[in-house]
>>> print(open('query.cif').read())   # mmCIF, C-alpha atoms and all ligand atoms
data_coords
loop_
_atom_site.group_PDB
_atom_site.id
_atom_site.type_symbol
_atom_site.label_atom_id
_atom_site.label_comp_id
_atom_site.auth_asym_id
_atom_site.auth_seq_id
_atom_site.Cartn_x
_atom_site.Cartn_y
_atom_site.Cartn_z
ATOM 1 C CA MET H 10 -7.396 45.476 21.090
ATOM 2 C CA THR H 11 -7.755 42.309 23.089
ATOM 3 C CA ALA H 12 -9.450 41.793 26.413
ATOM 4 C CA TYR H 13 -6.883 39.222 27.536
ATOM 5 C CA ALA H 14 -3.532 39.678 29.187
ATOM 6 C CA PRO H 15 -0.867 38.998 26.513
ATOM 7 C CA PRO H 16 0.173 35.555 27.877
ATOM 8 C CA VAL H 17 -3.448 34.387 27.811
ATOM 9 C CA GLN H 18 -3.912 35.736 24.295
ATOM 10 C CA ARG H 19 -0.733 33.957 23.217
ATOM 11 C CA LEU H 20 -2.025 30.645 24.560
ATOM 12 C CA ILE H 21 -5.357 31.107 22.771
ATOM 13 C CA THR H 22 -3.560 31.976 19.535
ATOM 14 C CA GLU H 23 -1.352 28.862 19.745
ATOM 15 C CA LEU H 24 -4.265 26.573 20.611
ATOM 16 C CA SER H 25 -6.369 27.926 17.753
ATOM 17 C CA LYS H 26 -3.672 26.717 15.300
ATOM 18 C CA LEU H 27 -4.480 23.101 16.221
ATOM 19 C CA PRO H 28 -6.573 21.148 13.704
ATOM 20 C CA GLY H 29 -10.284 21.307 14.400
ATOM 21 C CA VAL H 30 -9.866 23.964 17.080
ATOM 22 C CA GLY H 31 -11.614 27.218 16.306
ATOM 23 C CA GLY H 32 -11.274 30.447 18.246
ATOM 24 C CA ARG H 33 -14.049 29.617 20.659
ATOM 25 C CA THR H 34 -12.690 26.159 21.485
ATOM 26 C CA ALA H 35 -9.201 27.612 21.851
ATOM 27 C CA GLN H 36 -10.569 30.070 24.377
ATOM 28 C CA ARG H 37 -12.334 27.302 26.302
ATOM 29 C CA LEU H 38 -9.188 25.143 26.335
ATOM 30 C CA ALA H 39 -7.077 28.084 27.493
ATOM 31 C CA PHE H 40 -9.385 28.708 30.436
ATOM 32 C CA HIS H 41 -9.349 25.005 31.232
ATOM 33 C CA LEU H 42 -5.534 25.041 31.276
ATOM 34 C CA LEU H 43 -5.540 28.121 33.506
ATOM 35 C CA ARG H 44 -7.688 26.269 36.037
ATOM 36 C CA LEU H 45 -5.322 23.270 36.178
ATOM 37 C CA SER H 46 -2.746 22.903 38.941
ATOM 38 C CA ASP H 47 0.811 23.870 37.960
ATOM 39 C CA GLU H 48 1.703 20.188 38.016
ATOM 40 C CA GLU H 49 -1.038 19.183 35.572
ATOM 41 C CA ALA H 50 -0.390 22.035 33.185
ATOM 42 C CA PHE H 51 3.386 21.523 33.168
ATOM 43 C CA ALA H 52 2.856 17.790 32.499
ATOM 44 C CA LEU H 53 1.174 18.761 29.227
ATOM 45 C CA ALA H 54 3.864 21.290 28.368
ATOM 46 C CA ASP H 55 6.589 18.733 29.156
ATOM 47 C CA ALA H 56 4.891 16.061 27.043
ATOM 48 C CA ILE H 57 4.902 18.421 24.050
ATOM 49 C CA ARG H 58 8.550 19.298 24.641
ATOM 50 C CA GLU H 59 9.525 15.643 25.040
ATOM 51 C CA VAL H 60 7.964 14.434 21.766
ATOM 52 C CA LYS H 61 9.568 17.301 19.895
ATOM 53 C CA GLU H 62 12.965 16.523 21.421
ATOM 54 C CA LYS H 63 12.877 12.738 21.261
ATOM 55 C CA ILE H 64 10.737 11.757 18.290
ATOM 56 C CA GLY H 65 12.077 11.924 14.768
ATOM 57 C CA LEU H 66 11.554 10.011 11.544
ATOM 58 C CA CYS H 67 12.733 6.452 10.985
ATOM 59 C CA GLU H 68 15.629 6.592 8.549
ATOM 60 C CA ARG H 69 14.304 3.557 6.695
ATOM 61 C CA CYS H 70 10.513 4.010 6.472
ATOM 62 C CA PHE H 71 9.927 7.601 7.767
ATOM 63 C CA ASN H 72 7.483 6.470 10.413
ATOM 64 C CA LEU H 73 7.821 8.211 13.776
ATOM 65 C CA ALA H 74 10.742 6.808 15.750
ATOM 66 C CA ASP H 75 12.458 7.466 19.065
ATOM 67 C CA GLY H 76 15.789 6.300 17.639
ATOM 68 C CA PRO H 77 17.348 5.854 14.186
ATOM 69 C CA ILE H 78 14.772 3.232 13.174
ATOM 70 C CA CYS H 79 11.162 2.727 14.212
ATOM 71 C CA ARG H 80 9.728 -0.238 16.089
ATOM 72 C CA MET H 81 8.211 -1.742 12.920
ATOM 73 C CA CYS H 82 11.572 -1.734 11.159
ATOM 74 C CA ALA H 83 13.373 -3.015 14.245
ATOM 75 C CA ASP H 84 10.977 -5.967 14.631
ATOM 76 C CA GLU H 85 12.732 -8.906 12.959
ATOM 77 C CA ARG H 86 9.556 -11.008 13.048
ATOM 78 C CA ARG H 87 7.841 -8.760 10.524
ATOM 79 C CA ASP H 88 8.099 -9.670 6.821
ATOM 80 C CA SER H 89 10.620 -7.375 5.205
ATOM 81 C CA ASP H 90 9.551 -8.262 1.665
ATOM 82 C CA VAL H 91 6.086 -6.690 1.901
ATOM 83 C CA ILE H 92 5.905 -2.889 2.144
ATOM 84 C CA CYS H 93 2.711 -0.988 2.914
ATOM 85 C CA VAL H 94 2.799 2.599 1.651
ATOM 86 C CA VAL H 95 0.841 5.149 3.677
ATOM 87 C CA GLU H 96 0.556 8.932 3.733
ATOM 88 C CA GLU H 97 1.059 9.679 7.423
ATOM 89 C CA PRO H 98 2.441 8.012 10.557
ATOM 90 C CA SER H 99 -1.113 7.953 11.974
ATOM 91 C CA ASP H 100 -2.081 5.594 9.118
ATOM 92 C CA VAL H 101 0.447 3.071 10.426
ATOM 93 C CA ILE H 102 -1.509 2.996 13.680
ATOM 94 C CA SER H 103 -4.833 2.546 11.828
ATOM 95 C CA ILE H 104 -3.480 -0.400 9.843
ATOM 96 C CA GLU H 105 -1.807 -1.973 12.871
ATOM 97 C CA ARG H 106 -5.187 -1.985 14.622
ATOM 98 C CA THR H 107 -6.645 -4.247 11.929
ATOM 99 C CA HIS H 108 -4.066 -7.011 12.663
ATOM 100 C CA GLU H 109 -4.099 -7.800 8.924
ATOM 101 C CA PHE H 110 -0.558 -6.754 8.160
ATOM 102 C CA ARG H 111 2.765 -8.151 9.333
ATOM 103 C CA GLY H 112 5.103 -6.460 6.887
ATOM 104 C CA ARG H 113 6.963 -3.177 6.881
ATOM 105 C CA TYR H 114 5.751 0.330 6.169
ATOM 106 C CA HIS H 115 6.795 3.297 4.098
ATOM 107 C CA VAL H 116 5.439 6.689 5.152
ATOM 108 C CA LEU H 117 5.310 9.199 2.300
ATOM 109 C CA GLY H 118 4.661 12.258 4.447
ATOM 110 C CA GLY H 119 1.567 13.300 2.470
ATOM 111 C CA ALA H 120 0.006 12.837 -0.956
ATOM 112 C CA LEU H 121 0.719 14.304 -4.370
ATOM 113 C CA SER H 122 -1.236 17.484 -4.980
ATOM 114 C CA PRO H 123 0.109 19.680 -7.792
ATOM 115 C CA ILE H 124 -2.487 22.350 -6.988
ATOM 116 C CA ASP H 125 -1.049 22.706 -3.492
ATOM 117 C CA GLY H 126 2.476 22.501 -4.849
ATOM 118 C CA ILE H 127 3.114 19.008 -3.477
ATOM 119 C CA ASP H 128 5.234 17.184 -6.041
ATOM 120 C CA PRO H 129 6.992 13.801 -5.854
ATOM 121 C CA GLU H 130 10.187 15.402 -4.531
ATOM 122 C CA ASP H 131 8.267 16.794 -1.552
ATOM 123 C CA LEU H 132 7.367 13.269 -0.444
ATOM 124 C CA LYS H 133 9.489 10.218 0.409
ATOM 125 C CA ILE H 134 8.710 8.683 -2.976
ATOM 126 C CA ALA H 135 12.251 8.377 -4.351
ATOM 127 C CA GLU H 136 13.186 6.663 -1.085
ATOM 128 C CA LEU H 137 10.373 4.160 -1.670
ATOM 129 C CA TYR H 138 11.632 3.301 -5.168
ATOM 130 C CA GLN H 139 15.109 2.899 -3.798
ATOM 131 C CA ARG H 140 13.876 0.500 -1.109
ATOM 132 C CA VAL H 141 11.851 -1.550 -3.577
ATOM 133 C CA GLU H 142 14.579 -1.663 -6.192
ATOM 134 C CA SER H 143 17.266 -2.668 -3.707
ATOM 135 C CA GLY H 144 14.833 -5.388 -2.466
ATOM 136 C CA PRO H 145 14.129 -8.181 -2.010
ATOM 137 C CA VAL H 146 10.496 -7.008 -2.075
ATOM 138 C CA ARG H 147 7.618 -9.284 -3.064
ATOM 139 C CA GLU H 148 4.673 -6.916 -2.715
ATOM 140 C CA VAL H 149 3.990 -3.203 -2.311
ATOM 141 C CA VAL H 150 0.568 -2.474 -0.815
ATOM 142 C CA ILE H 151 -0.488 1.086 -1.557
ATOM 143 C CA ALA H 152 -2.665 2.260 1.305
ATOM 144 C CA THR H 153 -2.886 5.958 0.558
ATOM 145 C CA ASN H 154 -6.209 7.592 1.454
ATOM 146 C CA PRO H 155 -9.251 6.997 -0.804
ATOM 147 C CA THR H 156 -9.242 10.699 -1.715
ATOM 148 C CA THR H 157 -8.420 12.415 -5.026
ATOM 149 C CA THR H 158 -4.853 13.099 -3.967
ATOM 150 C CA GLY H 159 -4.448 9.653 -2.389
ATOM 151 C CA GLU H 160 -5.643 7.950 -5.590
ATOM 152 C CA ALA H 161 -3.385 10.101 -7.761
ATOM 153 C CA THR H 162 -0.448 9.191 -5.544
ATOM 154 C CA ALA H 163 -1.297 5.482 -5.751
ATOM 155 C CA LEU H 164 -1.454 5.605 -9.564
ATOM 156 C CA HIS H 165 1.791 7.527 -9.798
ATOM 157 C CA ILE H 166 3.613 4.964 -7.655
ATOM 158 C CA ALA H 167 2.007 1.952 -9.336
ATOM 159 C CA GLU H 168 2.982 3.165 -12.815
ATOM 160 C CA ARG H 169 6.550 3.803 -11.867
ATOM 161 C CA LEU H 170 6.950 0.465 -10.078
ATOM 162 C CA ARG H 171 5.477 -1.426 -13.024
ATOM 163 C CA GLU H 172 8.355 -0.086 -15.093
ATOM 164 C CA SER H 173 11.212 -0.214 -12.640
ATOM 165 C CA ALA H 174 10.284 -3.329 -10.661
ATOM 166 C CA PRO H 175 7.940 -5.467 -12.810
ATOM 167 C CA GLU H 176 8.517 -8.549 -10.657
ATOM 168 C CA VAL H 177 7.008 -6.819 -7.594
ATOM 169 C CA ALA H 178 3.245 -7.176 -7.049
ATOM 170 C CA VAL H 179 1.667 -3.755 -6.536
ATOM 171 C CA THR H 180 -1.687 -3.864 -4.765
ATOM 172 C CA ARG H 181 -4.245 -1.330 -3.581
ATOM 173 C CA LEU H 182 -6.734 -1.677 -0.730
ATOM 174 C CA ALA H 183 -10.114 -2.997 -1.841
ATOM 175 C CA SER H 184 -12.986 -0.596 -2.237
ATOM 176 C CA GLY H 185 -15.463 -0.310 0.616
ATOM 177 C CA LEU H 186 -13.518 2.390 2.392
ATOM 178 C CA PRO H 187 -15.419 5.647 2.744
ATOM 179 C CA VAL H 188 -14.478 7.584 -0.390
ATOM 180 C CA GLY H 189 -13.002 11.010 0.180
ATOM 181 C CA ALA H 190 -12.153 10.317 3.812
ATOM 182 C CA ASP H 191 -8.802 9.635 5.414
ATOM 183 C CA LEU H 192 -7.863 6.111 6.455
ATOM 184 C CA GLU H 193 -7.864 7.096 10.088
ATOM 185 C CA TYR H 194 -11.638 7.573 9.956
ATOM 186 C CA ALA H 195 -12.290 4.044 8.710
ATOM 187 C CA ASP H 196 -13.279 1.574 11.396
ATOM 188 C CA GLU H 197 -10.980 -1.388 12.038
ATOM 189 C CA LEU H 198 -13.306 -3.955 10.485
ATOM 190 C CA THR H 199 -13.772 -2.022 7.228
ATOM 191 C CA LEU H 200 -10.089 -1.255 6.946
ATOM 192 C CA GLY H 201 -9.194 -4.852 7.814
ATOM 193 C CA ARG H 202 -11.512 -6.140 5.072
ATOM 194 C CA ALA H 203 -10.127 -3.637 2.566
ATOM 195 C CA PHE H 204 -6.666 -4.829 3.473
ATOM 196 C CA ALA H 205 -7.443 -8.523 3.174
ATOM 197 C CA GLY H 206 -9.229 -7.931 -0.158
ATOM 198 C CA ARG H 207 -6.446 -5.860 -1.729
ATOM 199 C CA ARG H 208 -5.895 -6.346 -5.410
ATOM 200 C CA ALA H 209 -3.368 -5.666 -8.119
ATOM 201 C CA VAL H 210 -3.238 -2.206 -9.662
HETATM 202 ZN ZN ZN H 301 10.753 2.348 10.133
#
>>> encode(input="query.cif", output="structure tokens")
Amino acid sequence: MTAYAPPVQRLITELSKLPGVGGRTAQRLAFHLLRLSDEEAFALADAIREVKEKIGLCERCFNLADGPICRMCADERRDSDVICVVEEPSDVISIERTHEFRGRYHVLGGALSPIDGIDPEDLKIAELYQRVESGPVREVVIATNPTTTGEATALHIAERLRESAPEVAVTRLASGLPVGADLEYADELTLGRAFAGRRAV
């Protein structure tokens, strides 16, 4: 039995599914939205609808894109022979902020985690091998998160590339990143240093 009218309860339920939003915060946000003018509230609703309708994955690197390929892949000035491998599209933004990288990206869509049932075929790993093997690629920088699953993913990729593409340098970000945390929580300077100090794996 809920004290809210069903539409209000529905809004609270949907908001509470957002990361980091508990029931209490969801309730506060819902009441905030109810206080907004129609115009303000619909602007938020329209923004959500628009990203879902217009944003998809880049067919080359699986970054977010508003067309067949993303802006990084479309930018001819970027080196196409260096590929930085990340877990999520948000990691692309973190690395771009460091201004240390002028190559292309490859977004895996997560990290390997057998316990959670995330195997290589659930990620864009085969697509990465295909890109590297059809080259020309000089270096693959593995910038998965410094977490257990991120490290396991990095090792998995490095081992496979050593066999299938021995001429390609495979590097990993230098240590100094907060262990166990996602890349997006590293500050620009730390991440920039880790990037500049990357080494072979
Ligand atoms: Zn792309």
>>> residues_near_ligand(input="query.cif", ligand="ligand ZN 301 (chain H)", cutoff="12 Å", atoms="all atoms listed in the file", output="PyMOL selection string")
chain H and resi 65-85+87+89+92-94+98+101+112-117+137+140
>>> residues_around(input="query.cif", residues="Arg171 (chain H)", least_positions_apart="4", cutoff="12 Å", atoms="only C-alpha atoms", output="list in words")
Tyr138, Val141, Glu142, Glu148, Val149, Leu164, His165, Ile166, Ala167, Pro175, Glu176, Val177, Ala178, Val179, Thr180, Ala209 and Val210 of chain H
>>> write_last_selection(input="query.cif", atoms="C-alpha atoms", output="mmCIF file, in the frame of the given file")
data_model
loop_
_atom_site.group_PDB
_atom_site.id
_atom_site.type_symbol
_atom_site.label_atom_id
_atom_site.label_comp_id
_atom_site.auth_asym_id
_atom_site.auth_seq_id
_atom_site.Cartn_x
_atom_site.Cartn_y
_atom_site.Cartn_z
ATOM 1 C CA TYR H 138 11.632 3.301 -5.168
ATOM 2 C CA VAL H 141 11.851 -1.550 -3.577
ATOM 3 C CA GLU H 142 14.579 -1.663 -6.192
ATOM 4 C CA GLU H 148 4.673 -6.916 -2.715
ATOM 5 C CA VAL H 149 3.990 -3.203 -2.311
ATOM 6 C CA LEU H 164 -1.454 5.605 -9.564
ATOM 7 C CA HIS H 165 1.791 7.527 -9.798
ATOM 8 C CA ILE H 166 3.613 4.964 -7.655
ATOM 9 C CA ALA H 167 2.007 1.952 -9.336
ATOM 10 C CA PRO H 175 7.940 -5.467 -12.810
ATOM 11 C CA GLU H 176 8.517 -8.549 -10.657
ATOM 12 C CA VAL H 177 7.008 -6.819 -7.594
ATOM 13 C CA ALA H 178 3.245 -7.176 -7.049
ATOM 14 C CA VAL H 179 1.667 -3.755 -6.536
ATOM 15 C CA THR H 180 -1.687 -3.864 -4.765
ATOM 16 C CA ALA H 209 -3.368 -5.666 -8.119
ATOM 17 C CA VAL H 210 -3.238 -2.206 -9.662
#
>>> closest_residue(input="query.cif", among="H:Leu192, H:Val60, H:Val150, H:Ala135", to="Ala163 (chain H)", atoms="all atoms listed in the file")
H:Val150
>>> closest_residue(input="query.cif", among="H:Ile104, H:Ala39, H:Ala120, H:Leu170", to="Phe204 (chain H)", atoms="all atoms listed in the file")
H:Ile104
>>> atom_distance(input="query.cif", atom1="CA of Thr34 (chain H)", atom2="CA of Ala195 (chain H)")
25.5 Å
